[in-house]
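A short write-up of the structure that comes next.
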Amino acid sequence: MALEVRKVLSFVEEIRTEAGRPADPPLRKAAAAAVFHNPLAGRPYQEDLAALIDPSDAIGELLGEVVAAAIGGEAESYGKAAVVGLAGEQEHAVAVKTSTMGDAFRAALGGGTAWLPSVSKRCAPGATVDVPLCCKEDVWVRSHYDSIAVTLHDAPLPDELVVIVAAASRGRIGARVGGRTRAEAIAGD
C-alpha cells in the first residue's frame with residue numbers, strides 16, 4: 001500500500017555571513033516535507049504499525065531527491081523529523097521515519113553512515129519544527145551540529161502525517177568548539 005501524498009514542500013536557506021564575517025563557501029541548508037494521509041488516524045490502538053513503516057521508503061526516496069537537488073552539491077549533514085495530526089499518535093510519526101524511510105533518504109543523498117538525528121511530535125497546522133542535523137559520517141563531528149526550522153502553515157490536518165528531511169552543505173559558519181573533524185571521520189581516525 002502506498003502512502004497518499006497531498007503535497008510536497010521544499011525550503012532552502014543560504015547563509016553568506018555570520019558574525020560579520022563572510023562564509024566561504026556559504027552554508028546551504030535545505031529541507032523537504034511530504035504531507036500525506038495517516039491511515040491509522042482516529043483508529044483504536046494498533047500494535048502493528050507496518051501500514052506506516054513498510055511504504056515509507058518511497059517517502060524517503062522522494063524527499064531525498066528533492067533535498068539533494070536543493071543543496072546543489074554534496075550534503076555533509078542530515079536529519080529528519082515527523083509530525084502527526086491531532087487524530088493520530090506520536091508513535092505514528094515515529095513509525096513513518098524509521099530505518100525504512102531513513103535508509104532510502106541516505107541513499108538519495110549519496111550515503112552516510114552516522115546516526116540520523118530526528119524529532120517527532122503531535123501538533124496542529126501552523127507548527128514550526130526544528131529538524132536536527134549532524135555530520136553524515138560521524139555523529140561526533142561537532143562542527144556539523146545544527147538545525148533548520150520548518151513552518152507548516154496548513155499541515156498536518158488531524159488525519160495527516162508530515163515527514164521532513166533536511167541536509168546541509170557544510171558545518172556551521174565559524175564553528176570553533178573543537179572535537180573531531182569531518183576529514184578525520186572520513187579517514188577513520
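Order determines the names: the first chain of the C-alpha cells is A, the second B, and so forth; residues in each chain are numbered 1 upward, and ligands are numbered 1 upward as they are shown.
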Extract, using only C-alpha atoms, all DNA, RNA and protein residues at most 10 Å from Ala107 in chain A, discarding same-chain residues fewer than 2 positions from it, and format them as a list of chain:residue names.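 Residues meeting the cut-off are A:Gly60, A:Glu61, A:Gly64, A:Glu65, A:Gly102, A:Asp103, A:Ala104, A:Phe105, A:Leu109, A:Gly110, A:Gly111, A:Gly112.
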Just write the chosen residues, C-alpha atoms, as a PDB file, in the first residue's frame.
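Generated file (selection.pdb):
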ATOM      1  CA  GLY A  60      12.460   8.767   1.919  1.00  0.00           C
ATOM      2  CA  GLU A  61      13.467   8.386  -1.713  1.00  0.00           C
ATOM      3  CA  GLY A  64      15.911  12.708  -0.547  1.00  0.00           C
ATOM      4  CA  GLU A  65      15.830  13.583  -4.242  1.00  0.00           C
ATOM      5  CA  GLY A 102      15.875   6.782   6.677  1.00  0.00           C
ATOM      6  CA  ASP A 103      17.875   4.312   4.588  1.00  0.00           C
ATOM      7  CA  ALA A 104      16.101   5.433   1.398  1.00  0.00           C
ATOM      8  CA  PHE A 105      16.801   9.069   2.312  1.00  0.00           C
ATOM      9  CA  LEU A 109      21.891  11.781  -0.669  1.00  0.00           C
ATOM     10  CA  GLY A 110      24.766   9.525  -1.701  1.00  0.00           C
ATOM     11  CA  GLY A 111      25.091   7.582   1.520  1.00  0.00           C
ATOM     12  CA  GLY A 112      26.080   8.266   5.062  1.00  0.00           C
TER      13      GLY A 112
END
What lies within 12 Å of Ala32 in chain A using only C-alpha atoms, ignoring chain neighbours under 4 positions off, as number ranges by chain? A: 7-13, 59-71, 78-82, 105, 131, 148-152, 162-167
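Nearest-residue note for Gly88 in chain A: choosing from A:Thr181, A:Ser169, A:Ser147, A:Gln46, the minimum distance belongs to A:Gln46, counting only C-alpha atoms.
Using only C-alpha atoms, the contacts of His37 in chain A at a cut-off of 8 Å, with sequence neighbours closer than 4 positions omitted, comprise Leu3, Glu4, Val5, Arg6, Asp159, Glu160 and Leu161 of chain A.
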Written file, previous selection with C-alpha atoms, as an mmCIF file, in the first residue's frame:
data_model
loop_
_atom_site.group_PDB
_atom_site.id
_atom_site.type_symbol
_atom_site.label_atom_id
_atom_site.label_comp_id
_atom_site.auth_asym_id
_atom_site.auth_seq_id
_atom_site.Cartn_x
_atom_site.Cartn_y
_atom_site.Cartn_z
ATOM 1 C CA LEU A 3 1.010 6.474 1.263
ATOM 2 C CA GLU A 4 -1.380 9.059 -0.237
ATOM 3 C CA VAL A 5 0.712 12.255 -0.577
ATOM 4 C CA ARG A 6 -1.275 15.523 -0.556
ATOM 5 C CA ASP A 159 -5.738 12.830 9.851
ATOM 6 C CA GLU A 160 -2.319 13.574 8.323
ATOM 7 C CA LEU A 161 1.357 12.921 8.858
#
Show which residues sit within 8 Å of Pro26 in chain A, as JSON, numbers by chain. Count only C-alpha atoms, and ignore same-chain residues fewer than 2 positions away. {"A": [14, 15, 16, 17, 22, 23, 24, 28]}
Do you know which residues are at most 9 Å from Pro55 in chain A counting only C-alpha atoms, after dropping those on the same chain fewer than 2 positions away, and could you put them as a list of chain:residue names?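 The neighbour list is A:Met1, A:Ala2, A:Leu3, A:Ala50, A:Ala51, A:Leu52, A:Ile53, A:Asp57, A:Ala58, A:Ile59, A:Val96, A:Thr100, A:Met101.
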Selection near Glu76 in chain A, 10 Å with only C-alpha atoms, sequence-local residues under 6 positions removed, as a ChimeraX atom specification: /A:109,112,133-137,144,167-171,182
Give me, as an NGL selection string, all polymer residues having an atom no more than 8 Å from Arg172 in chain A, counting only C-alpha atoms and skipping those fewer than 4 positions away in the same chain. :A and (27 or 143-146)
Selection file, C-alpha atoms, as a PDB file, in the first residue's frame:
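Once written, out_29.pdb looks like this:
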ATOM      1  CA  LEU A  27      26.242  27.362   4.231  1.00  0.00           C
ATOM      2  CA  SER A 143      31.051  21.468  13.688  1.00  0.00           C
ATOM      3  CA  HIS A 144      28.022  19.948  11.971  1.00  0.00           C
ATOM      4  CA  TYR A 145      25.576  20.074  14.919  1.00  0.00           C
ATOM      5  CA  ASP A 146      22.872  22.353  13.556  1.00  0.00           C
TER       6      ASP A 146
END
Apply DSSP to the structure's backbone, then extract all residues of range 72-163 of chain A labelled strand (DSSP E or B) and return them as a PyMOL selection string. chain A and resi 77-84+118-122+128-135+146-151+160-163
Name the residues of range 36-170 of chain A that fall into helix (DSSP H, G or I) according to DSSP on the backbone, using the chain letters and numbers of this document, as a ChimeraX atom specification. /A:50-53,56-71,90-96,99-108,142-144
Selection export as a compact mmCIF listing (two decimals), in the first residue's frame, atoms kept: N, CA and C atoms:
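The resulting file, selection.txt, is reproduced below:
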# COMPACT_ATOMS: atom_id res chain seq x y z
N ALA A 50 2.96 -1.57 10.58
CA ALA A 50 3.52 -1.85 9.26
C ALA A 50 2.87 -1.00 8.16
N ALA A 51 1.62 -0.59 8.34
CA ALA A 51 0.95 0.25 7.33
C ALA A 51 1.67 1.58 7.14
N LEU A 52 2.45 2.00 8.13
CA LEU A 52 3.24 3.23 8.03
C LEU A 52 4.71 2.94 7.72
N ILE A 53 5.24 1.90 8.30
CA ILE A 53 6.67 1.59 8.13
C ILE A 53 6.97 1.07 6.73
N SER A 56 7.16 3.53 3.70
CA SER A 56 7.85 4.79 3.95
C SER A 56 9.14 4.95 3.15
N ASP A 57 9.65 3.87 2.56
CA ASP A 57 10.86 4.02 1.73
C ASP A 57 10.61 4.94 0.54
N ALA A 58 9.40 4.90 0.00
CA ALA A 58 9.07 5.77 -1.14
C ALA A 58 9.11 7.24 -0.73
N ILE A 59 8.69 7.54 0.51
CA ILE A 59 8.75 8.92 1.02
C ILE A 59 10.21 9.34 1.19
N GLY A 60 11.04 8.46 1.74
CA GLY A 60 12.46 8.77 1.92
C GLY A 60 13.16 9.03 0.61
N GLU A 61 12.86 8.21 -0.39
CA GLU A 61 13.47 8.39 -1.71
C GLU A 61 13.02 9.70 -2.35
N LEU A 62 11.72 9.96 -2.33
CA LEU A 62 11.17 11.19 -2.91
C LEU A 62 11.78 12.43 -2.26
N LEU A 63 11.75 12.49 -0.93
CA LEU A 63 12.25 13.66 -0.23
C LEU A 63 13.76 13.79 -0.34
N GLY A 64 14.46 12.67 -0.37
CA GLY A 64 15.91 12.71 -0.55
C GLY A 64 16.30 13.34 -1.87
N GLU A 65 15.56 12.99 -2.92
CA GLU A 65 15.83 13.58 -4.24
C GLU A 65 15.56 15.08 -4.24
N VAL A 66 14.49 15.52 -3.57
CA VAL A 66 14.17 16.95 -3.51
C VAL A 66 15.26 17.70 -2.75
N VAL A 67 15.69 17.17 -1.61
CA VAL A 67 16.72 17.84 -0.81
C VAL A 67 18.06 17.84 -1.54
N ALA A 68 18.42 16.73 -2.17
CA ALA A 68 19.69 16.67 -2.90
C ALA A 68 19.73 17.73 -4.00
N ALA A 69 18.63 17.90 -4.72
CA ALA A 69 18.57 18.93 -5.77
C ALA A 69 18.66 20.33 -5.17
N ALA A 70 18.03 20.54 -4.02
CA ALA A 70 18.03 21.86 -3.39
C ALA A 70 19.41 22.23 -2.84
N ILE A 71 20.14 21.26 -2.34
CA ILE A 71 21.50 21.52 -1.84
C ILE A 71 22.40 21.89 -3.01
N GLN A 90 1.74 10.03 18.48
CA GLN A 90 3.14 10.34 18.22
C GLN A 90 3.85 9.10 17.66
N GLU A 91 3.46 7.93 18.09
CA GLU A 91 4.10 6.70 17.60
C GLU A 91 3.90 6.51 16.09
N HIS A 92 2.83 7.06 15.54
CA HIS A 92 2.63 7.01 14.09
C HIS A 92 3.73 7.81 13.39
N ALA A 93 4.08 8.98 13.96
CA ALA A 93 5.16 9.80 13.39
C ALA A 93 6.49 9.07 13.49
N VAL A 94 6.73 8.42 14.61
CA VAL A 94 7.98 7.68 14.79
C VAL A 94 8.04 6.52 13.79
N ALA A 95 6.95 5.82 13.62
CA ALA A 95 6.92 4.66 12.73
C ALA A 95 7.25 5.02 11.29
N VAL A 96 6.76 6.16 10.83
CA VAL A 96 6.93 6.52 9.42
C VAL A 96 8.35 7.04 9.13
N SER A 99 14.09 3.26 10.08
CA SER A 99 15.18 2.95 9.15
C SER A 99 14.70 2.73 7.72
N THR A 100 13.49 2.25 7.53
CA THR A 100 12.97 2.03 6.18
C THR A 100 12.99 3.34 5.40
N MET A 101 12.45 4.40 5.98
CA MET A 101 12.47 5.72 5.35
C MET A 101 13.88 6.29 5.37
N GLY A 102 14.55 6.20 6.51
CA GLY A 102 15.88 6.78 6.68
C GLY A 102 16.91 6.23 5.72
N ASP A 103 16.90 4.92 5.51
CA ASP A 103 17.88 4.31 4.59
C ASP A 103 17.65 4.79 3.15
N ALA A 104 16.39 4.93 2.75
CA ALA A 104 16.10 5.43 1.40
C ALA A 104 16.54 6.89 1.26
N PHE A 105 16.35 7.67 2.31
CA PHE A 105 16.80 9.07 2.31
C PHE A 105 18.33 9.14 2.21
N ARG A 106 19.04 8.35 3.02
CA ARG A 106 20.50 8.32 2.96
C ARG A 106 20.99 8.00 1.55
N ALA A 107 20.40 6.98 0.95
CA ALA A 107 20.81 6.55 -0.39
C ALA A 107 20.61 7.67 -1.41
N ALA A 108 19.52 8.41 -1.31
CA ALA A 108 19.26 9.50 -2.25
C ALA A 108 20.27 10.63 -2.10
N ARG A 142 31.40 17.83 15.87
CA ARG A 142 30.63 18.92 16.49
C ARG A 142 30.35 20.08 15.55
N SER A 143 31.23 20.33 14.60
CA SER A 143 31.05 21.47 13.69
C SER A 143 29.77 21.36 12.86
N HIS A 144 29.21 20.17 12.79
CA HIS A 144 28.02 19.95 11.97
C HIS A 144 26.73 19.83 12.78
Between CA of Tyr45 in chain A and CA of Pro132 in chain A, measure the distance and give it in Å to one decimal. 29.0 Å
